[in-house]
Amino acid sequence: MASGGRAALIEYLVSGARPDSDWKIGTEHEKFGFRTDDLRPPAFDGERGIEALLKGLTQFGWTPVEEHGRVIALSRDQASVSLEPAGQLELSGAPLATLHETCVEAATHLREVRTVAEPMGLGFLGMGFQPKWRRDEMPWMPKGRYKIMREYMPKVGSLGLDMMTRTSTVQVNLDVRNEVDMVKKFRVSLALQPIATALFADSPFTEGKPNGYLSYRSHIWTDTDRDRTGLLDFVFEDGFGYERYVDYLLDVPMYFVYRDGQYIDAAGQSFRDFLDAKLPAYPDQRPTLKDWADHTTTAFPEVRLKKYLEMRGADSGPWNRICALSAFWVGLLYDSSALDAAWDLVLDFTPEERHALRDGVPKHALKLPFRDGTVLDLAKRALEISAHGLKRRGQLNHNGADESIYLEPLLEFADRGQTPAERKLELFHGAWGGSVDPVFKEFAY
């Protein structure tokens, strides 16, 4: 890439654009493992460890991925199973054409995990934040990338290590047609990301007690690393496009350079210097496009642009909410009439209003005041637009149902005006008798 420089970085992002007929849906979801006898998170090593679980999953045709002789991921048919820093198990789903396929993929994955995990005395829970254990009680996975991040995070924020070890999310990756389409989708999804955060809010406990938030996972991101998080106000400025996003990424400090199976610590250093062969950690060397691809994954805004757009605002949850997150965004962004309606909904949001939504939703979720109403009013309108978009897509399952069926859990939250977090708090103060332990049984996959 030595001769391409900045232009090659821009072209890398541009190359992801594709015609509508080729648009796919890529769903990712993380979950917390726990030992069913004492509820503790499993370590990496041992008969009941995460590596043993990964090896067990190879019976279903997954190919192991190793780092220094240890199995740290799996791959199969354009999908992967990987580990977050404290062993949160993540499925990065294959690019699929319909939400019906997405839901089958999620259910298949959870069934395979359960088949291997149950004889090991392990279970898995979908929530946005680890409800019981302290940060120092969480294990660390032996991945070189995480060692670098672990040492760097406390230098740039107070909650970065919590983000790494105690959060879980569900997200969806969606395609764009061209630069104009990318800009419109980026703006709509950034403006509406707090609505998704509110609907999916499911992290009200820290170390066994209510923490005062409904999506504590979302709050965690406000003090993780301001250089690589946030709402990206520049996306709404005139002239925004691929070039401007590349300039943003070039100003995001690096974490590492990966060479010959080793992670070289470049934390806090500049990719611009790397382009000029002046990177202190790796002098006289210029980046490859693989280095750039790696670097695009180290920015953590509410919506992230790679060769596609990633929606990053939701807490993890049960299996039907995995499908619902993808359905919400596919309905809004993959139908032109729905995208127009969603743009009309957010068009006149001021920067101050967008930030007020982002900052207020972690604590108040659907009850956060907005203009003459609340976030619940925005959520109901967004769900209505999404449902119409999904119906117009006309993708039917074998029972003749369209993809809007996957919005049902969200419609229920909106009808009741109650988030999953508020439901768990009710149980905590009632039937659970002030203990979070029942969550591991009642809400496990």
# chains A, B, ... in the order shown; residues from 1 in each chain; ligands from 1

$ residues_around --residues "Ala201 in chain A" --least-positions-apart "3" --cutoff "10 Å" --atoms "only C-alpha atoms" --output "list in words"
Met127, Gly128, Ile195, Ala196, Thr197, Ala198, Pro204, Tyr213, Leu214, Ser215, Tyr216, Arg217, Ser218, Gly313, Ala314, Asp315, Ser316, Gly317, Val361, Pro362, Lys363, His364, Ala365, Leu366, Gln418, Thr419, Pro420, Ala421 and Glu422 of chain A

$ write_last_selection --atoms "N, CA and C atoms" --output "short mmCIF file (atom, residue, chain, number, x, y, z; two decimals), in the first residue's frame"
data_model
loop_
_atom_site.label_atom_id
_atom_site.label_comp_id
_atom_site.auth_asym_id
_atom_site.auth_seq_id
_atom_site.Cartn_x
_atom_site.Cartn_y
_atom_site.Cartn_z
N MET A 127 -27.30 -10.66 28.63
CA MET A 127 -27.62 -9.39 29.27
C MET A 127 -26.54 -8.38 28.85
N GLY A 128 -26.78 -7.11 29.10
CA GLY A 128 -25.82 -6.11 28.67
C GLY A 128 -24.62 -5.96 29.59
N ILE A 195 -32.60 5.06 20.55
CA ILE A 195 -33.91 4.38 20.62
C ILE A 195 -33.69 2.88 20.75
N ALA A 196 -32.73 2.35 19.98
CA ALA A 196 -32.40 0.93 20.12
C ALA A 196 -31.86 0.64 21.52
N THR A 197 -31.00 1.53 22.02
CA THR A 197 -30.46 1.35 23.38
C THR A 197 -31.59 1.27 24.40
N ALA A 198 -32.59 2.13 24.25
CA ALA A 198 -33.72 2.15 25.18
C ALA A 198 -34.54 0.87 25.09
N PRO A 204 -29.29 -3.63 34.46
CA PRO A 204 -29.59 -2.80 35.62
C PRO A 204 -28.83 -3.18 36.89
N TYR A 213 -29.04 2.41 36.65
CA TYR A 213 -29.18 2.53 35.20
C TYR A 213 -30.06 1.40 34.68
N LEU A 214 -30.63 1.62 33.51
CA LEU A 214 -31.35 0.55 32.82
C LEU A 214 -30.45 -0.09 31.77
N SER A 215 -29.59 0.72 31.13
CA SER A 215 -28.53 0.18 30.27
C SER A 215 -27.19 0.69 30.79
N TYR A 216 -26.68 -0.01 31.79
CA TYR A 216 -25.37 0.37 32.32
C TYR A 216 -24.29 0.12 31.27
N ARG A 217 -24.50 -0.88 30.41
CA ARG A 217 -23.55 -1.11 29.32
C ARG A 217 -23.39 0.14 28.47
N SER A 218 -24.49 0.80 28.16
CA SER A 218 -24.41 2.03 27.35
C SER A 218 -23.65 3.12 28.10
N GLY A 313 -25.58 -0.17 19.42
CA GLY A 313 -26.15 0.46 20.59
C GLY A 313 -26.93 -0.41 21.55
N ALA A 314 -27.00 -1.73 21.32
CA ALA A 314 -27.95 -2.56 22.07
C ALA A 314 -27.28 -3.48 23.08
N ASP A 315 -27.95 -3.65 24.24
CA ASP A 315 -27.57 -4.68 25.19
C ASP A 315 -27.91 -6.06 24.63
N SER A 316 -27.11 -7.04 24.99
CA SER A 316 -27.43 -8.42 24.64
C SER A 316 -28.70 -8.86 25.36
N GLY A 317 -29.28 -9.95 24.86
CA GLY A 317 -30.52 -10.43 25.47
C GLY A 317 -30.82 -11.85 25.03
N VAL A 361 -30.60 8.19 27.88
CA VAL A 361 -31.20 6.88 27.70
C VAL A 361 -30.61 5.80 28.61
N PRO A 362 -29.30 5.77 28.88
CA PRO A 362 -28.78 4.71 29.76
C PRO A 362 -29.48 4.65 31.11
N LYS A 363 -29.89 5.78 31.63
CA LYS A 363 -30.54 5.81 32.94
C LYS A 363 -32.06 5.71 32.84
N HIS A 364 -32.65 6.37 31.85
CA HIS A 364 -34.12 6.51 31.82
C HIS A 364 -34.79 5.71 30.71
N ALA A 365 -34.05 5.28 29.71
CA ALA A 365 -34.56 4.45 28.60
C ALA A 365 -35.82 5.07 27.98
N LEU A 366 -36.89 4.30 27.90
CA LEU A 366 -38.09 4.75 27.20
C LEU A 366 -38.79 5.92 27.89
N GLN A 418 -42.26 -0.71 29.13
CA GLN A 418 -41.34 -1.28 30.13
C GLN A 418 -40.20 -2.00 29.44
N THR A 419 -38.98 -1.67 29.80
CA THR A 419 -37.80 -2.31 29.23
C THR A 419 -37.53 -3.65 29.92
N PRO A 420 -36.70 -4.50 29.30
CA PRO A 420 -36.29 -5.74 29.98
C PRO A 420 -35.63 -5.47 31.33
N ALA A 421 -34.86 -4.37 31.42
CA ALA A 421 -34.20 -4.04 32.68
C ALA A 421 -35.22 -3.77 33.78
N GLU A 422 -36.27 -3.04 33.45
CA GLU A 422 -37.30 -2.72 34.46
C GLU A 422 -38.04 -3.98 34.90
#

$ select_by_dssp --residues "range 56-232 of chain A" --states "helix (DSSP H, G or I)" --output "PyMOL selection string"
chain A and resi 56-60+99-120+135-137+144-156+160-166+179-199+216-223

$ residues_around --residues "Pro253 in chain A" --least-positions-apart "6" --cutoff "8 Å" --atoms "only C-alpha atoms" --output "list in words"
Asp227, Arg228, Ala267, Gly268, Gln269, Ser270 and Phe271 of chain A

$ write_last_selection --atoms "C-alpha atoms" --output "PDB file, in the first residue's frame"
ATOM      1  CA  ASP A 227     -10.835   9.310  21.299  1.00  0.00           C
ATOM      2  CA  ARG A 228     -12.722   6.368  19.793  1.00  0.00           C
ATOM      3  CA  ALA A 267      -1.069   1.845  21.763  1.00  0.00           C
ATOM      4  CA  GLY A 268      -1.657   5.569  21.500  1.00  0.00           C
ATOM      5  CA  GLN A 269       0.452   5.948  18.345  1.00  0.00           C
ATOM      6  CA  SER A 270      -0.729   7.473  15.052  1.00  0.00           C
ATOM      7  CA  PHE A 271      -1.799   5.651  11.911  1.00  0.00           C
TER       8      PHE A 271
END

$ select_by_dssp --residues "range 168-366 of chain A" --states "strand (DSSP E or B)" --output "VMD selection string"
chain A and resid 169 to 174 203 205 to 206 209 to 210 215 229 to 230 256 to 259 262 to 265 300 to 301 303 to 305 309 to 315

$ atom_distance --atom1 "CA of Lys306 in chain A" --atom2 "CA of Ser21 in chain A"
19.8 Å

$ closest_residue --among "A:Pro42, A:Glu51, A:Val257, A:Ile322" --to "Ala107 in chain A" --atoms "only C-alpha atoms"
A:Ile322

$ closest_residue --among "A:Leu122, A:Leu305, A:Leu368, A:Ile72" --to "Phe440 in chain A" --atoms "only C-alpha atoms"
A:Leu122

$ residues_around --residues "Lys31 in chain A" --least-positions-apart "2" --cutoff "9 Å" --atoms "only C-alpha atoms" --output "list of chain:residue names"
A:His29, A:Gly33, A:Gly87, A:Gln88, A:Leu89, A:Glu90, A:Phe124, A:Leu125, A:Gly126, A:Met127, A:Gly128, A:Thr167, A:Ser168, A:Thr169, A:Val170, A:Ser316, A:Gly317

$ residues_around --residues "Leu232 in chain A" --least-positions-apart "4" --cutoff "9 Å" --atoms "only C-alpha atoms" --output "PDB file with N, CA and C atoms, in the first residue's frame"
ATOM      1  N   LEU A 190     -27.312   6.706  13.468  1.00  0.00           N
ATOM      2  CA  LEU A 190     -26.719   7.413  14.612  1.00  0.00           C
ATOM      3  C   LEU A 190     -27.796   8.121  15.429  1.00  0.00           C
ATOM      4  N   PHE A 236     -23.047  14.461  10.539  1.00  0.00           N
ATOM      5  CA  PHE A 236     -24.200  15.275  10.158  1.00  0.00           C
ATOM      6  C   PHE A 236     -23.808  16.584   9.459  1.00  0.00           C
ATOM      7  N   PRO A 301     -17.467   3.939  17.929  1.00  0.00           N
ATOM      8  CA  PRO A 301     -18.599   4.871  17.991  1.00  0.00           C
ATOM      9  C   PRO A 301     -19.926   4.111  18.040  1.00  0.00           C
ATOM     10  N   GLU A 302     -21.011   4.840  18.238  1.00  0.00           N
ATOM     11  CA  GLU A 302     -22.328   4.212  18.343  1.00  0.00           C
ATOM     12  C   GLU A 302     -22.711   3.476  17.058  1.00  0.00           C
ATOM     13  N   VAL A 303     -22.281   4.007  15.932  1.00  0.00           N
ATOM     14  CA  VAL A 303     -22.396   3.313  14.647  1.00  0.00           C
ATOM     15  C   VAL A 303     -21.007   3.338  14.031  1.00  0.00           C
TER      16      VAL A 303
END

$ closest_residue --among "A:Gly121, A:Pro318, A:Pro85, A:Gly400" --to "Phe200 in chain A" --atoms "only C-alpha atoms"
A:Pro318

$ residues_around --residues "range 378-389 of chain A" --least-positions-apart "2" --cutoff "7 Å" --atoms "only C-alpha atoms" --output "PyMOL selection string"
chain A and resi 195+328+331-332+335+338+341-342+375-376+391-393+404+414

$ residues_around --residues "range 171-186 of chain A" --least-positions-apart "3" --cutoff "8 Å" --atoms "only C-alpha atoms" --output "mmCIF file with N, CA and C atoms, in the first residue's frame"
data_model
loop_
_atom_site.group_PDB
_atom_site.id
_atom_site.type_symbol
_atom_site.label_atom_id
_atom_site.label_comp_id
_atom_site.auth_asym_id
_atom_site.auth_seq_id
_atom_site.Cartn_x
_atom_site.Cartn_y
_atom_site.Cartn_z
ATOM 1 N N VAL A 14 -14.820 2.369 0.320
ATOM 2 C CA VAL A 14 -15.718 2.499 -0.838
ATOM 3 C C VAL A 14 -16.010 1.136 -1.455
ATOM 4 N N GLY A 16 -16.740 -1.566 -0.309
ATOM 5 C CA GLY A 16 -17.800 -2.356 0.297
ATOM 6 C C GLY A 16 -19.172 -2.111 -0.295
ATOM 7 N N ALA A 17 -19.362 -1.029 -1.036
ATOM 8 C CA ALA A 17 -20.671 -0.703 -1.607
ATOM 9 C C ALA A 17 -21.117 -1.786 -2.587
ATOM 10 N N ARG A 18 -22.416 -2.068 -2.586
ATOM 11 C CA ARG A 18 -22.938 -3.125 -3.458
ATOM 12 C C ARG A 18 -24.384 -2.835 -3.831
ATOM 13 N N PRO A 19 -24.865 -3.382 -4.940
ATOM 14 C CA PRO A 19 -26.254 -3.138 -5.355
ATOM 15 C C PRO A 19 -27.244 -3.740 -4.370
ATOM 16 N N ASP A 20 -28.455 -3.188 -4.353
ATOM 17 C CA ASP A 20 -29.477 -3.624 -3.397
ATOM 18 C C ASP A 20 -29.673 -5.134 -3.407
ATOM 19 N N TRP A 23 -27.443 -6.969 -0.965
ATOM 20 C CA TRP A 23 -27.384 -6.589 0.443
ATOM 21 C C TRP A 23 -27.611 -7.804 1.330
ATOM 22 N N LYS A 24 -26.817 -7.869 2.375
ATOM 23 C CA LYS A 24 -26.887 -8.985 3.313
ATOM 24 C C LYS A 24 -27.073 -8.460 4.741
ATOM 25 N N ILE A 25 -27.312 -9.401 5.641
ATOM 26 C CA ILE A 25 -27.522 -9.119 7.061
ATOM 27 C C ILE A 25 -26.505 -9.930 7.849
ATOM 28 N N GLY A 26 -25.653 -9.258 8.607
ATOM 29 C CA GLY A 26 -24.683 -9.959 9.439
ATOM 30 C C GLY A 26 -24.934 -9.652 10.905
ATOM 31 N N THR A 27 -25.324 -10.649 11.673
ATOM 32 C CA THR A 27 -25.715 -10.446 13.072
ATOM 33 C C THR A 27 -24.629 -10.982 14.003
ATOM 34 N N GLU A 28 -24.275 -10.181 15.003
ATOM 35 C CA GLU A 28 -23.281 -10.590 15.996
ATOM 36 C C GLU A 28 -23.908 -10.505 17.381
ATOM 37 N N HIS A 29 -23.651 -11.503 18.196
ATOM 38 C CA HIS A 29 -24.171 -11.422 19.572
ATOM 39 C C HIS A 29 -23.225 -12.099 20.544
ATOM 40 N N SER A 189 -29.128 6.058 11.443
ATOM 41 C CA SER A 189 -28.827 5.066 12.483
ATOM 42 C C SER A 189 -28.139 5.688 13.686
ATOM 43 N N LEU A 190 -27.312 6.706 13.468
ATOM 44 C CA LEU A 190 -26.719 7.413 14.612
ATOM 45 C C LEU A 190 -27.796 8.121 15.429
ATOM 46 N N VAL A 235 -20.609 13.477 11.226
ATOM 47 C CA VAL A 235 -21.381 12.717 10.234
ATOM 48 C C VAL A 235 -22.561 13.543 9.723
ATOM 49 N N PHE A 240 -20.036 15.435 4.433
ATOM 50 C CA PHE A 240 -19.572 14.177 5.016
ATOM 51 C C PHE A 240 -19.605 13.061 3.976
ATOM 52 N N GLY A 241 -18.609 12.211 4.018
ATOM 53 C CA GLY A 241 -18.551 11.032 3.158
ATOM 54 C C GLY A 241 -17.407 10.137 3.585
ATOM 55 N N TYR A 242 -17.046 9.208 2.726
ATOM 56 C CA TYR A 242 -15.979 8.265 3.056
ATOM 57 C C TYR A 242 -14.686 8.972 3.447
ATOM 58 N N VAL A 303 -22.281 4.007 15.932
ATOM 59 C CA VAL A 303 -22.396 3.313 14.647
ATOM 60 C C VAL A 303 -21.007 3.338 14.031
ATOM 61 N N LYS A 307 -16.530 -1.769 5.785
ATOM 62 C CA LYS A 307 -17.039 -1.872 4.414
ATOM 63 C C LYS A 307 -18.561 -1.898 4.421
ATOM 64 N N TYR A 308 -19.118 -1.818 5.594
ATOM 65 C CA TYR A 308 -20.564 -1.807 5.838
ATOM 66 C C TYR A 308 -20.762 -1.005 7.113
ATOM 67 N N LEU A 309 -22.016 -0.835 7.514
ATOM 68 C CA LEU A 309 -22.329 -0.104 8.747
ATOM 69 C C LEU A 309 -22.686 -1.081 9.860
ATOM 70 N N GLU A 310 -22.152 -0.826 11.041
ATOM 71 C CA GLU A 310 -22.422 -1.644 12.225
ATOM 72 C C GLU A 310 -23.261 -0.852 13.220
ATOM 73 N N MET A 311 -24.397 -1.413 13.628
ATOM 74 C CA MET A 311 -25.239 -0.814 14.667
ATOM 75 C C MET A 311 -24.802 -1.364 16.018
ATOM 76 N N ARG A 312 -24.344 -0.467 16.928
ATOM 77 C CA ARG A 312 -23.626 -0.922 18.116
ATOM 78 C C ARG A 312 -24.290 -0.515 19.439
ATOM 79 N N GLY A 313 -25.575 -0.166 19.415
ATOM 80 C CA GLY A 313 -26.151 0.457 20.595
ATOM 81 C C GLY A 313 -26.931 -0.413 21.553
ATOM 82 N N ALA A 314 -26.996 -1.731 21.322
ATOM 83 C CA ALA A 314 -27.952 -2.557 22.070
ATOM 84 C C ALA A 314 -27.284 -3.484 23.079
ATOM 85 N N LEU A 325 -33.160 -7.270 17.013
ATOM 86 C CA LEU A 325 -32.241 -6.152 16.755
ATOM 87 C C LEU A 325 -31.982 -6.024 15.254
ATOM 88 N N SER A 326 -31.705 -7.146 14.612
ATOM 89 C CA SER A 326 -31.491 -7.113 13.166
ATOM 90 C C SER A 326 -32.752 -6.675 12.439
ATOM 91 N N TRP A 329 -33.376 -2.776 12.492
ATOM 92 C CA TRP A 329 -32.557 -1.969 11.593
ATOM 93 C C TRP A 329 -32.750 -2.328 10.129
ATOM 94 N N VAL A 330 -32.978 -3.586 9.822
ATOM 95 C CA VAL A 330 -33.258 -3.958 8.430
ATOM 96 C C VAL A 330 -34.530 -3.270 7.950
ATOM 97 N N LEU A 333 -33.654 0.487 7.356
ATOM 98 C CA LEU A 333 -32.590 0.878 6.424
ATOM 99 C C LEU A 333 -32.604 0.156 5.084
ATOM 100 N N LEU A 339 -36.611 4.147 4.913
ATOM 101 C CA LEU A 339 -35.437 4.993 5.151
ATOM 102 C C LEU A 339 -35.806 6.467 5.032
ATOM 103 N N TRP A 343 -35.608 9.099 8.072
ATOM 104 C CA TRP A 343 -34.867 10.352 7.920
ATOM 105 C C TRP A 343 -35.751 11.550 8.274
#

$ atom_distance --atom1 "CA of Lys441 in chain A" --atom2 "CA of Pro131 in chain A"
12.9 Å
